[in-house]
>>> print(open('structure.cif').read())   # mmCIF, C-alpha atoms
data_target
loop_
_atom_site.label_atom_id
_atom_site.label_comp_id
_atom_site.auth_asym_id
_atom_site.auth_seq_id
_atom_site.Cartn_x
_atom_site.Cartn_y
_atom_site.Cartn_z
CA MET A 471 -37.54 -76.55 15.34
CA LYS A 472 -34.74 -74.44 13.88
CA LEU A 473 -35.37 -71.10 12.16
CA LEU A 474 -33.21 -68.88 10.02
CA LEU A 475 -34.37 -65.26 10.12
CA VAL A 476 -33.28 -63.19 7.12
CA ALA A 477 -32.78 -59.41 6.97
CA GLY A 478 -30.97 -57.36 4.37
CA ALA A 479 -32.22 -53.76 4.24
CA ARG A 480 -33.43 -51.23 6.81
CA PRO A 481 -37.15 -52.09 6.51
CA ASN A 482 -36.25 -55.76 7.06
CA PHE A 483 -34.70 -55.04 10.44
CA MET A 484 -37.86 -53.27 11.53
CA LYS A 485 -39.88 -56.34 10.63
CA ILE A 486 -37.50 -58.99 11.95
CA ALA A 487 -36.96 -57.33 15.34
CA PRO A 488 -40.37 -58.23 16.85
CA LEU A 489 -39.84 -61.89 15.88
CA ILE A 490 -36.47 -61.88 17.64
CA HIS A 491 -37.96 -60.26 20.74
CA GLU A 492 -40.75 -62.84 20.84
CA LEU A 493 -38.30 -65.72 20.45
CA GLN A 494 -36.08 -64.29 23.18
CA ALA A 495 -39.07 -63.92 25.49
CA ARG A 496 -40.16 -67.50 24.99
CA GLY A 497 -36.69 -68.96 25.45
CA LYS A 498 -35.96 -72.63 25.16
CA GLY A 499 -38.13 -75.25 26.74
CA THR A 500 -41.01 -72.91 27.62
CA ASP A 501 -43.22 -74.26 24.84
CA GLU A 502 -44.25 -77.80 24.04
CA ARG A 503 -41.74 -77.72 21.19
CA GLU A 504 -38.27 -76.31 21.56
CA ILE A 505 -37.38 -73.62 19.06
CA SER A 506 -33.95 -72.30 18.13
CA TRP A 507 -33.03 -69.56 15.68
CA LYS A 508 -30.21 -67.69 14.02
CA LEU A 509 -30.11 -64.32 12.29
CA VAL A 510 -28.73 -63.86 8.78
CA HIS A 511 -27.82 -60.33 7.64
CA THR A 512 -27.30 -60.35 3.87
CA GLY A 513 -25.74 -56.89 3.78
CA GLN A 514 -27.88 -55.93 0.80
CA HIS A 515 -27.88 -52.17 1.42
CA TYR A 516 -25.35 -51.56 4.15
CA ASP A 517 -21.98 -52.85 5.26
CA TYR A 518 -21.64 -54.34 8.72
CA ASP A 519 -20.43 -51.19 10.49
CA MET A 520 -23.15 -48.99 8.97
CA SER A 521 -25.89 -51.41 9.94
CA LYS A 522 -24.94 -51.46 13.61
CA VAL A 523 -27.27 -48.52 14.19
CA PHE A 524 -30.19 -50.80 13.26
CA PHE A 525 -29.17 -53.32 15.89
CA ASP A 526 -29.13 -50.54 18.50
CA ASP A 527 -32.42 -48.95 17.36
CA PHE A 528 -34.33 -52.22 17.37
CA ASP A 529 -32.47 -54.18 20.09
CA ILE A 530 -31.31 -56.82 17.62
CA PRO A 531 -28.35 -59.05 18.56
CA GLU A 532 -25.29 -59.34 16.35
CA PRO A 533 -26.11 -61.49 13.31
CA ASP A 534 -24.92 -65.08 13.30
CA HIS A 535 -24.13 -64.80 9.60
CA PHE A 536 -23.19 -61.65 7.67
CA LEU A 537 -23.13 -62.24 3.89
CA ASN A 538 -21.79 -58.79 2.94
CA VAL A 539 -23.18 -58.94 -0.59
CA GLY A 540 -23.22 -55.17 -1.10
CA SER A 541 -24.80 -53.29 -3.96
CA GLY A 542 -24.99 -54.04 -7.67
CA SER A 543 -27.61 -54.66 -10.32
CA HIS A 544 -30.68 -56.67 -9.32
CA ALA A 545 -29.27 -59.76 -11.03
CA GLU A 546 -25.80 -59.39 -9.50
CA GLN A 547 -27.10 -58.78 -6.02
CA THR A 548 -29.68 -61.57 -6.13
CA ALA A 549 -27.12 -64.05 -7.45
CA ARG A 550 -24.55 -63.20 -4.77
CA ILE A 551 -27.14 -63.57 -2.02
CA MET A 552 -28.22 -66.96 -3.35
CA VAL A 553 -24.65 -68.28 -3.52
CA GLU A 554 -23.77 -67.14 -0.01
CA PHE A 555 -27.10 -68.07 1.57
CA GLU A 556 -26.85 -71.60 0.18
CA LYS A 557 -23.66 -72.03 2.21
CA VAL A 558 -25.47 -70.90 5.35
CA CYS A 559 -28.36 -73.29 4.76
CA LYS A 560 -25.96 -76.20 4.28
CA ALA A 561 -24.18 -75.35 7.51
CA GLU A 562 -27.28 -74.68 9.61
CA ASN A 563 -29.83 -77.13 8.10
CA PRO A 564 -32.87 -75.14 9.26
CA ASP A 565 -36.46 -76.35 9.27
CA ILE A 566 -37.87 -73.00 8.16
CA VAL A 567 -36.39 -69.88 6.57
CA VAL A 568 -38.29 -66.73 7.57
CA VAL A 569 -38.15 -63.84 5.08
CA VAL A 570 -39.80 -60.44 5.42
CA GLY A 571 -40.92 -57.70 3.08
CA ASP A 572 -40.07 -57.44 -0.59
CA VAL A 573 -36.38 -56.66 -1.15
CA ASN A 574 -33.93 -58.73 -3.21
CA SER A 575 -32.84 -60.62 -0.08
CA THR A 576 -36.44 -61.77 0.38
CA LEU A 577 -36.57 -63.21 -3.13
CA ALA A 578 -33.07 -64.69 -3.20
CA CYS A 579 -33.25 -66.46 0.15
CA SER A 580 -36.73 -67.86 -0.43
CA ILE A 581 -35.72 -69.36 -3.79
CA THR A 582 -32.51 -70.79 -2.34
CA ALA A 583 -34.30 -72.36 0.61
CA LYS A 584 -37.09 -73.83 -1.48
CA LYS A 585 -34.65 -75.47 -3.91
CA MET A 586 -33.00 -77.09 -0.88
CA SER A 587 -36.39 -78.44 0.30
CA ILE A 588 -36.49 -76.05 3.25
CA LYS A 589 -39.84 -74.53 4.14
CA VAL A 590 -40.27 -70.79 3.64
CA ALA A 591 -42.32 -68.39 5.76
CA HIS A 592 -43.06 -64.97 4.24
CA VAL A 593 -43.99 -62.18 6.62
CA GLU A 594 -45.99 -59.42 4.90
CA ALA A 595 -47.30 -61.73 2.18
CA GLY A 596 -49.96 -60.94 -0.40
CA LEU A 597 -49.39 -57.21 -0.87
CA ARG A 598 -49.80 -56.15 -4.51
CA SER A 599 -49.36 -52.82 -6.30
CA ARG A 600 -50.21 -54.27 -9.77
CA ASP A 601 -47.19 -52.30 -11.02
CA MET A 602 -44.70 -54.66 -12.64
CA THR A 603 -42.21 -51.83 -13.15
CA MET A 604 -41.56 -52.01 -9.40
CA PRO A 605 -38.83 -54.57 -8.58
CA GLU A 606 -40.53 -55.06 -5.21
CA GLU A 607 -43.71 -56.28 -6.90
CA ILE A 608 -41.80 -59.01 -8.74
CA ASN A 609 -40.08 -60.00 -5.49
CA ARG A 610 -43.44 -60.21 -3.70
CA ILE A 611 -45.14 -62.32 -6.36
CA VAL A 612 -42.30 -64.82 -6.74
CA THR A 613 -41.73 -65.18 -2.99
CA ASP A 614 -45.42 -65.77 -2.32
CA SER A 615 -45.65 -68.33 -5.12
CA ILE A 616 -43.19 -70.67 -3.36
CA SER A 617 -43.77 -69.92 0.34
CA ASP A 618 -45.23 -72.50 2.72
CA PHE A 619 -46.41 -69.99 5.35
CA LEU A 620 -47.97 -66.77 4.11
CA PHE A 621 -48.38 -64.25 6.94
CA VAL A 622 -50.73 -61.49 5.83
CA SER A 623 -50.85 -57.96 7.25
CA GLU A 624 -54.16 -56.72 5.81
CA PRO A 625 -57.32 -58.19 4.20
CA SER A 626 -56.22 -57.32 0.64
CA GLY A 627 -53.29 -59.70 1.04
CA ARG A 628 -55.57 -62.59 1.82
CA GLU A 629 -57.79 -61.77 -1.17
CA ASN A 630 -54.82 -61.43 -3.52
CA LEU A 631 -53.42 -64.81 -2.52
CA LYS A 632 -56.84 -66.42 -2.93
CA LYS A 633 -57.09 -65.06 -6.49
CA GLU A 634 -53.62 -66.40 -7.22
CA GLY A 635 -54.67 -69.89 -6.18
CA LYS A 636 -52.80 -70.27 -2.92
CA ASP A 637 -53.98 -72.93 -0.50
CA PRO A 638 -56.08 -71.14 2.17
CA GLY A 639 -54.50 -73.43 4.74
CA GLN A 640 -51.15 -71.74 4.10
CA VAL A 641 -52.49 -68.20 4.52
CA TYR A 642 -52.62 -66.61 7.97
CA TYR A 643 -54.00 -63.14 8.71
CA VAL A 644 -51.77 -62.16 11.62
CA GLY A 645 -51.67 -58.35 11.48
CA ASN A 646 -48.91 -55.90 10.71
CA ILE A 647 -45.51 -56.61 12.22
CA MET A 648 -44.34 -53.04 11.54
CA ILE A 649 -46.82 -51.92 14.17
CA ASP A 650 -45.13 -54.20 16.72
CA THR A 651 -41.93 -52.23 16.16
CA LEU A 652 -43.80 -48.94 16.25
CA HIS A 653 -45.39 -49.75 19.62
CA ASP A 654 -42.05 -50.81 21.06
CA SER A 655 -40.36 -47.65 19.78
CA LEU A 656 -43.08 -45.39 21.19
CA LYS A 657 -42.37 -46.90 24.61
CA LYS A 658 -38.69 -46.06 24.17
CA LEU A 659 -39.54 -42.49 23.24
CA SER A 660 -41.77 -42.16 26.28
CA ALA A 661 -39.06 -43.54 28.55
CA LYS A 662 -36.23 -41.36 27.19
CA GLY A 663 -38.18 -38.25 26.32
CA ILE A 664 -38.90 -37.12 22.78
CA ALA A 665 -36.52 -34.16 22.96
CA GLN A 666 -33.62 -36.41 23.95
CA CYS A 667 -34.37 -38.94 21.19
CA ALA A 668 -34.86 -36.25 18.59
CA GLY A 669 -31.30 -35.07 19.20
CA ARG A 670 -30.42 -32.22 16.88
CA ILE A 671 -33.88 -32.03 15.29
CA GLU A 672 -35.29 -28.57 15.83
CA GLN A 673 -38.77 -28.82 17.24
CA VAL A 674 -41.36 -26.40 15.88
CA SER A 675 -44.42 -25.28 17.82
CA GLN A 676 -46.72 -24.67 14.86
CA PRO A 677 -48.19 -27.44 12.66
CA TYR A 678 -45.56 -28.84 10.31
CA ALA A 679 -45.19 -31.44 7.57
CA VAL A 680 -42.55 -34.17 7.22
CA VAL A 681 -41.38 -35.54 3.86
CA THR A 682 -39.56 -38.71 2.78
CA LEU A 683 -38.69 -39.26 -0.87
CA HIS A 684 -36.49 -41.98 -2.28
CA ARG A 685 -38.33 -44.13 -4.83
CA PRO A 686 -36.51 -44.26 -8.20
CA SER A 687 -39.68 -43.46 -10.16
CA ASN A 688 -39.86 -40.17 -8.22
CA VAL A 689 -36.24 -39.11 -7.90
CA ASP A 690 -34.54 -40.51 -11.02
CA VAL A 691 -36.60 -38.47 -13.52
CA ARG A 692 -35.78 -34.76 -13.52
CA GLU A 693 -39.25 -33.51 -14.49
CA THR A 694 -40.97 -35.65 -11.87
CA LEU A 695 -38.56 -34.68 -9.11
CA ALA A 696 -38.80 -30.98 -10.03
CA GLY A 697 -42.61 -31.07 -9.88
CA ILE A 698 -42.62 -32.75 -6.47
CA LEU A 699 -40.10 -30.24 -5.07
CA GLU A 700 -42.13 -27.35 -6.45
CA ALA A 701 -45.22 -28.70 -4.69
CA LEU A 702 -43.31 -29.05 -1.42
CA ALA A 703 -41.98 -25.51 -1.80
CA GLU A 704 -45.52 -24.22 -2.27
CA ILE A 705 -46.74 -26.10 0.82
CA SER A 706 -43.82 -24.68 2.82
CA LYS A 707 -45.29 -21.19 2.35
CA ASP A 708 -48.22 -22.33 4.48
CA MET A 709 -46.56 -24.61 7.02
CA PRO A 710 -42.95 -25.66 7.75
CA VAL A 711 -41.83 -28.67 5.70
CA VAL A 712 -39.10 -30.83 7.24
CA PHE A 713 -37.26 -32.99 4.71
CA PRO A 714 -34.66 -35.60 5.80
CA ILE A 715 -33.07 -36.18 2.40
CA HIS A 716 -32.08 -39.65 1.26
CA PRO A 717 -28.53 -39.69 -0.23
CA ARG A 718 -29.85 -40.86 -3.60
CA THR A 719 -32.41 -38.07 -3.64
CA ARG A 720 -29.87 -35.40 -2.68
CA LYS A 721 -27.46 -36.62 -5.35
CA ASN A 722 -30.15 -36.31 -8.03
CA ILE A 723 -31.37 -32.92 -6.80
CA GLU A 724 -27.84 -31.61 -7.18
CA ALA A 725 -27.16 -33.38 -10.49
CA TYR A 726 -30.39 -32.05 -12.02
CA GLY A 727 -29.71 -28.50 -10.79
CA LEU A 728 -32.84 -28.40 -8.62
CA MET A 729 -31.38 -27.31 -5.29
CA HIS A 730 -32.51 -23.74 -5.95
CA ILE A 731 -36.15 -24.84 -5.51
CA ILE A 732 -35.38 -25.85 -1.93
CA GLU A 733 -33.08 -22.90 -1.21
CA ARG A 734 -35.76 -20.39 -2.23
CA SER A 735 -38.42 -22.12 -0.13
CA LYS A 736 -39.06 -22.65 3.57
CA ILE A 737 -38.23 -26.33 3.35
CA LYS A 738 -35.92 -27.42 6.18
CA THR A 739 -33.56 -30.18 5.04
CA MET A 740 -31.54 -32.55 7.18
CA PRO A 741 -29.65 -35.84 6.77
CA LEU A 742 -31.40 -39.17 7.21
CA GLN A 743 -32.26 -39.86 10.84
CA SER A 744 -32.11 -42.95 12.98
CA TYR A 745 -35.47 -44.67 13.38
CA LEU A 746 -36.11 -43.26 16.86
CA ASP A 747 -35.06 -39.74 15.88
CA PHE A 748 -37.27 -39.86 12.81
CA LEU A 749 -40.21 -41.23 14.79
CA ALA A 750 -39.79 -38.41 17.30
CA LEU A 751 -40.02 -36.00 14.39
CA TRP A 752 -42.94 -37.33 12.36
CA LYS A 753 -45.18 -38.48 15.22
CA GLY A 754 -45.82 -34.82 15.99
CA ALA A 755 -46.43 -33.78 12.38
CA ALA A 756 -49.72 -32.46 11.07
CA LEU A 757 -49.04 -34.13 7.72
CA VAL A 758 -46.69 -36.76 6.32
CA LEU A 759 -45.77 -36.85 2.62
CA THR A 760 -43.97 -40.00 1.51
CA ASP A 761 -43.31 -42.56 -1.18
CA SER A 762 -42.39 -45.17 1.44
CA GLY A 763 -44.50 -48.26 2.05
CA GLY A 764 -43.90 -48.58 5.77
CA LEU A 765 -44.65 -44.95 6.61
CA GLN A 766 -48.10 -45.30 5.03
CA GLU A 767 -48.81 -47.99 7.62
CA GLU A 768 -47.18 -46.30 10.59
CA SER A 769 -48.96 -42.99 10.01
CA THR A 770 -52.25 -44.90 9.74
CA ALA A 771 -51.53 -46.58 13.09
CA LEU A 772 -51.13 -43.16 14.71
CA GLY A 773 -53.97 -41.49 12.80
CA ILE A 774 -51.69 -38.93 11.14
CA PRO A 775 -52.81 -37.69 7.69
CA CYS A 776 -50.49 -39.06 5.00
CA PHE A 777 -50.04 -38.14 1.34
CA THR A 778 -48.52 -41.01 -0.61
CA ILE A 779 -46.60 -39.57 -3.56
CA ARG A 780 -47.18 -42.50 -5.88
CA GLU A 781 -49.66 -43.62 -8.53
CA ASN A 782 -50.45 -46.85 -6.68
CA THR A 783 -50.04 -48.56 -3.35
CA GLU A 784 -49.73 -52.20 -2.30
CA ARG A 785 -51.23 -51.23 1.07
CA PRO A 786 -54.84 -50.29 0.20
CA VAL A 787 -56.10 -50.72 3.75
CA THR A 788 -54.26 -47.52 4.67
CA ILE A 789 -56.54 -45.70 2.21
CA GLU A 790 -59.74 -47.68 2.75
CA GLU A 791 -59.60 -47.57 6.55
CA GLY A 792 -56.63 -45.43 7.50
CA SER A 793 -55.38 -41.88 7.17
CA ASN A 794 -53.58 -42.28 3.83
CA ILE A 795 -54.42 -40.52 0.53
CA LEU A 796 -52.89 -41.41 -2.84
CA VAL A 797 -51.94 -38.06 -4.44
CA GLY A 798 -49.92 -39.06 -7.52
CA ILE A 799 -46.49 -37.81 -8.51
CA ASN A 800 -47.18 -34.46 -10.16
CA ARG A 801 -47.29 -30.97 -8.72
CA GLN A 802 -50.97 -30.41 -9.46
CA GLY A 803 -52.15 -33.59 -7.74
CA ILE A 804 -50.12 -32.94 -4.61
CA LEU A 805 -51.28 -29.33 -4.31
CA ALA A 806 -54.92 -30.27 -4.99
CA ALA A 807 -54.77 -32.78 -2.15
CA TYR A 808 -53.20 -30.16 0.10
CA ALA A 809 -55.96 -27.69 -0.71
CA ASP A 810 -58.52 -30.29 0.36
CA PHE A 811 -56.44 -31.00 3.46
CA LYS A 812 -56.60 -27.35 4.45
CA ASN A 813 -60.23 -26.71 3.58
CA VAL A 814 -61.94 -30.00 4.42
CA SER A 815 -61.97 -32.02 7.62
CA ARG A 816 -58.67 -33.90 7.84
CA LYS A 817 -58.67 -37.62 7.28
CA THR A 818 -57.69 -39.58 10.38
CA GLY A 819 -59.29 -42.95 9.61
CA ARG A 820 -59.13 -45.88 12.00
CA ILE A 821 -56.60 -48.54 12.92
CA PRO A 822 -57.03 -51.73 10.82
CA GLY A 823 -57.78 -55.03 12.52
CA LEU A 824 -54.93 -56.87 14.30
CA TRP A 825 -52.62 -53.88 14.09
CA ASP A 826 -52.22 -54.25 17.83
CA GLY A 827 -48.51 -54.90 18.41
CA LYS A 828 -48.99 -58.66 18.86
CA THR A 829 -48.28 -59.90 15.32
CA ALA A 830 -44.93 -61.53 16.14
CA ARG A 831 -46.56 -63.53 18.94
CA ARG A 832 -49.16 -64.90 16.51
CA ILE A 833 -46.52 -65.77 13.89
CA ILE A 834 -44.28 -67.69 16.29
CA SER A 835 -47.28 -69.56 17.74
CA ILE A 836 -48.32 -70.67 14.25
CA LEU A 837 -44.79 -71.83 13.37
CA LEU A 838 -44.51 -73.77 16.64
CA ALA A 839 -47.83 -75.49 15.96
CA SER A 840 -46.84 -76.56 12.43
#
>>> encode(input="structure.cif", output="structure tokens")
Amino acid sequence: MKLLLVAGARPNFMKIAPLIHELQARGKGTDEREISWKLVHTGQHYDYDMSKVFFDDFDIPEPDHFLNVGSGSHAEQTARIMVEFEKVCKAENPDIVVVVGDVNSTLACSITAKKMSIKVAHVEAGLRSRDMTMPEEINRIVTDSISDFLFVSEPSGRENLKKEGKDPGQVYYVGNIMIDTLHDSLKKLSAKGIAQCAGRIEQVSQPYAVVTLHRPSNVDVRETLAGILEALAEISKDMPVVFPIHPRTRKNIEAYGLMHIIERSKIKTMPLQSYLDFLALWKGAALVLTDSGGLQEESTALGIPCFTIRENTERPVTIEEGSNILVGINRQGILAAYADFKNVSRKTGRIPGLWDGKTARRIISILLAS
């Protein structure tokens, strides 16, 4: 069996790494069926040199194919990926293309493979926000509609796929592959020491909050971004707020003339961190505020209270069972949730089923048995 593993953006590397580690551990000839694989890096968000940090963070080997598609509109980027990935599929003739997550690379490579009669396996299938203004939602729905193996991370995914008419025999509840990476990274932190991994991050002894903010619906509208920053500034009066600022977010803060909100507050800003540095920072936080999908899951796995600054989430298990709370995108909603956080017992939740660091092992076993 021959696999092509596809990654294109930072979250993809975090999800593809455990599969690579599992394949490396098994090696050739150790199973009843021999399995070979190659890694395709589409270059959707980062050029080759910039993405090397991901290979180091997650112990990923150099990609066998680097498509270098770069940025552009959704149509331009998707089209370039499809053209270049078709060449790779012709050269490699894989049995299965494995895609992860919900970025444009996921959509483009799954469509290309399917039109070439190559089976598609989607890791993190079935997640739904019901928000069709999110490009990721369109990518998820289309990819799932044509995939042959649907690897689900939480019960809602299985239910969503059932409602959409997918064959139950194609749906596999395997757990959350992001937690595989989290477990592996926690071991690295323990081995190296948190202070060493955190590098230049200033550690604070009192309870503190960590923020990530990058979603276009939050940072591309001045009024929305201003309200969120005002809420963070208010929270910073009560506890330190550490804010690694995404380049897109910083650009908009400056363009909209909102930097004064941060400068007059006790918010501590810093550049984006490597995965291990960022993990060293937020794992010790009393509260995480984010519009990221993955951080909702990771904070749930560690029982850290999380405010998701969005109107919806495609990861409802983090709310139903975990430590996540959906707080909306306006100042009032965020501050109301913080008031509850301070005055009521803090939500820690529990770890959802199969979030045990063994998801990659289950996925590879299923593919080998197919």
>>> atom_distance(input="structure.cif", atom1="atom CA of Lys657 of chain A", atom2="atom CA of Pro677 of chain A")
23.6 Å
>>> atom_distance(input="structure.cif", atom1="atom CA of Asn646 of chain A", atom2="atom CA of Ala771 of chain A")
10.0 Å
>>> closest_residue(input="structure.cif", among="A:Val553, A:Ala487, A:Val711, A:Leu474", to="His535 of chain A", atoms="only C-alpha atoms")
A:Leu474
>>> residues_around(input="structure.cif", residues="Lys736 of chain A", least_positions_apart="6", cutoff="12 Å", atoms="all atoms listed in the file", output="JSON, numbers by chain")
{"A": [678, 679, 699, 700, 701, 702, 703, 704, 705, 706, 707, 708, 709, 710, 711, 712, 713, 730]}
>>> write_last_selection(input="structure.cif", atoms="C-alpha atoms", output="mmCIF file, in the coordinates of the input")
data_model
loop_
_atom_site.group_PDB
_atom_site.id
_atom_site.type_symbol
_atom_site.label_atom_id
_atom_site.label_comp_id
_atom_site.auth_asym_id
_atom_site.auth_seq_id
_atom_site.Cartn_x
_atom_site.Cartn_y
_atom_site.Cartn_z
ATOM 1 C CA TYR A 678 -45.560 -28.840 10.310
ATOM 2 C CA ALA A 679 -45.190 -31.440 7.570
ATOM 3 C CA LEU A 699 -40.100 -30.240 -5.070
ATOM 4 C CA GLU A 700 -42.130 -27.350 -6.450
ATOM 5 C CA ALA A 701 -45.220 -28.700 -4.690
ATOM 6 C CA LEU A 702 -43.310 -29.050 -1.420
ATOM 7 C CA ALA A 703 -41.980 -25.510 -1.800
ATOM 8 C CA GLU A 704 -45.520 -24.220 -2.270
ATOM 9 C CA ILE A 705 -46.740 -26.100 0.820
ATOM 10 C CA SER A 706 -43.820 -24.680 2.820
ATOM 11 C CA LYS A 707 -45.290 -21.190 2.350
ATOM 12 C CA ASP A 708 -48.220 -22.330 4.480
ATOM 13 C CA MET A 709 -46.560 -24.610 7.020
ATOM 14 C CA PRO A 710 -42.950 -25.660 7.750
ATOM 15 C CA VAL A 711 -41.830 -28.670 5.700
ATOM 16 C CA VAL A 712 -39.100 -30.830 7.240
ATOM 17 C CA PHE A 713 -37.260 -32.990 4.710
ATOM 18 C CA HIS A 730 -32.510 -23.740 -5.950
#
>>> closest_residue(input="structure.cif", among="A:Asn688, A:Thr829, A:Ser744, A:Ser543", to="Ile779 of chain A", atoms="only C-alpha atoms")
A:Asn688
>>> residues_around(input="structure.cif", residues="segment 762-764 of chain A", least_positions_apart="6", cutoff="9 Å", atoms="all atoms listed in the file", output="PDB file with C-alpha atoms, in the frame of the given file")
ATOM      1  CA  PRO A 481     -37.150 -52.090   6.510  1.00  0.00           C
ATOM      2  CA  MET A 648     -44.340 -53.040  11.540  1.00  0.00           C
ATOM      3  CA  THR A 682     -39.560 -38.710   2.780  1.00  0.00           C
ATOM      4  CA  LEU A 683     -38.690 -39.260  -0.870  1.00  0.00           C
ATOM      5  CA  HIS A 684     -36.490 -41.980  -2.280  1.00  0.00           C
ATOM      6  CA  ARG A 685     -38.330 -44.130  -4.830  1.00  0.00           C
ATOM      7  CA  THR A 778     -48.520 -41.010  -0.610  1.00  0.00           C
ATOM      8  CA  ILE A 779     -46.600 -39.570  -3.560  1.00  0.00           C
ATOM      9  CA  THR A 783     -50.040 -48.560  -3.350  1.00  0.00           C
ATOM     10  CA  GLU A 784     -49.730 -52.200  -2.300  1.00  0.00           C
ATOM     11  CA  ARG A 785     -51.230 -51.230   1.070  1.00  0.00           C
TER      12      ARG A 785
END
>>> atom_distance(input="structure.cif", atom1="atom CA of Arg496 of chain A", atom2="atom CA of Ile647 of chain A")
17.6 Å
>>> resolve_selection(input="structure.cif", expression="the PyMOL selection byres ((chain A and resi 824-827) around 7)", output="PDB file with C-alpha atoms, keeping the file's coordinate frame")
ATOM      1  CA  VAL A 644     -51.770 -62.160  11.620  1.00  0.00           C
ATOM      2  CA  GLY A 645     -51.670 -58.350  11.480  1.00  0.00           C
ATOM      3  CA  ASN A 646     -48.910 -55.900  10.710  1.00  0.00           C
ATOM      4  CA  ILE A 649     -46.820 -51.920  14.170  1.00  0.00           C
ATOM      5  CA  ASP A 650     -45.130 -54.200  16.720  1.00  0.00           C
ATOM      6  CA  HIS A 653     -45.390 -49.750  19.620  1.00  0.00           C
ATOM      7  CA  ILE A 821     -56.600 -48.540  12.920  1.00  0.00           C
ATOM      8  CA  PRO A 822     -57.030 -51.730  10.820  1.00  0.00           C
ATOM      9  CA  GLY A 823     -57.780 -55.030  12.520  1.00  0.00           C
ATOM     10  CA  LYS A 828     -48.990 -58.660  18.860  1.00  0.00           C
ATOM     11  CA  THR A 829     -48.280 -59.900  15.320  1.00  0.00           C
TER      12      THR A 829
END
>>> resolve_selection(input="structure.cif", expression="the PyMOL selection byres ((chain A and resi 719-721) around 12)", output="PyMOL selection string")
chain A and resi 681-692+695-696+698-699+713-718+722-729+732+739-742
>>> residues_around(input="structure.cif", residues="Pro775 of chain A", least_positions_apart="4", cutoff="10 Å", atoms="all atoms listed in the file", output="number ranges by chain")
A: 679, 755-759, 766, 769-770, 792-795, 811, 816-819
>>> closest_residue(input="structure.cif", among="A:Ala479, A:Val612, A:Met604, A:Leu509", to="Ser575 of chain A", atoms="only C-alpha atoms")
A:Ala479
>>> residues_around(input="structure.cif", residues="Ile505 of chain A", least_positions_apart="5", cutoff="12 Å", atoms="all atoms listed in the file", output="VMD selection string")
chain A and resid 471 to 474 490 492 to 500 564 to 566 834 to 835 837 to 840
>>> closest_residue(input="structure.cif", among="A:Glu556, A:Glu607, A:Glu594, A:Asp618", to="Cys579 of chain A", atoms="all atoms listed in the file")
A:Glu556
>>> resolve_selection(input="structure.cif", expression="the PyMOL selection byres ((chain A and resi 555) around 10)", output="ChimeraX atom specification")
/A:476,510-512,535-537,549-554,556-561,575,578-580,582-583
>>> closest_residue(input="structure.cif", among="A:Thr576, A:Gln802, A:Gln514, A:Ser735", to="Ile616 of chain A", atoms="all atoms listed in the file")
A:Thr576
>>> residues_around(input="structure.cif", residues="Tyr808 of chain A", least_positions_apart="4", cutoff="9 Å", atoms="all atoms listed in the file", output="list in words")
Ile705, Phe777, Gly803, Ile804, Lys812 and Asn813 of chain A
>>> residues_near_point(input="structure.cif", point="(-39.7, -66.4, -3.6)", cutoff="12 Å", atoms="all atoms listed in the file", output="ChimeraX atom specification")
/A:548,552,567-585,589-593,595,606-620
>>> closest_residue(input="structure.cif", among="A:Leu597, A:Ala545, A:Leu796, A:Leu772", to="Ser626 of chain A", atoms="only C-alpha atoms")
A:Leu597
>>> decode(input="structure.cif", residues="segment 708-726 of chain A", atoms="C-alpha atoms", output="compact mmCIF listing (two decimals), in the first residue's frame")
# COMPACT_ATOMS: atom_id res chain seq x y z
CA ASP A 708 -7.45 41.90 36.89
CA MET A 709 -4.84 39.45 35.62
CA PRO A 710 -1.92 39.67 33.17
CA VAL A 711 -2.95 39.01 29.56
CA VAL A 712 -0.24 37.63 27.26
CA PHE A 713 -0.97 38.14 23.56
CA PRO A 714 1.26 36.62 20.84
CA ILE A 715 -0.02 38.69 17.92
CA HIS A 716 -0.58 37.13 14.51
CA PRO A 717 0.93 39.30 11.70
CA ARG A 718 -2.50 39.79 10.11
CA THR A 719 -3.96 40.89 13.43
CA ARG A 720 -1.11 43.30 14.16
CA LYS A 721 -1.40 44.81 10.69
CA ASN A 722 -5.11 45.48 11.21
CA ILE A 723 -4.66 46.83 14.73
CA GLU A 724 -2.22 49.38 13.36
CA ALA A 725 -4.26 50.16 10.22
CA TYR A 726 -7.42 50.75 12.27
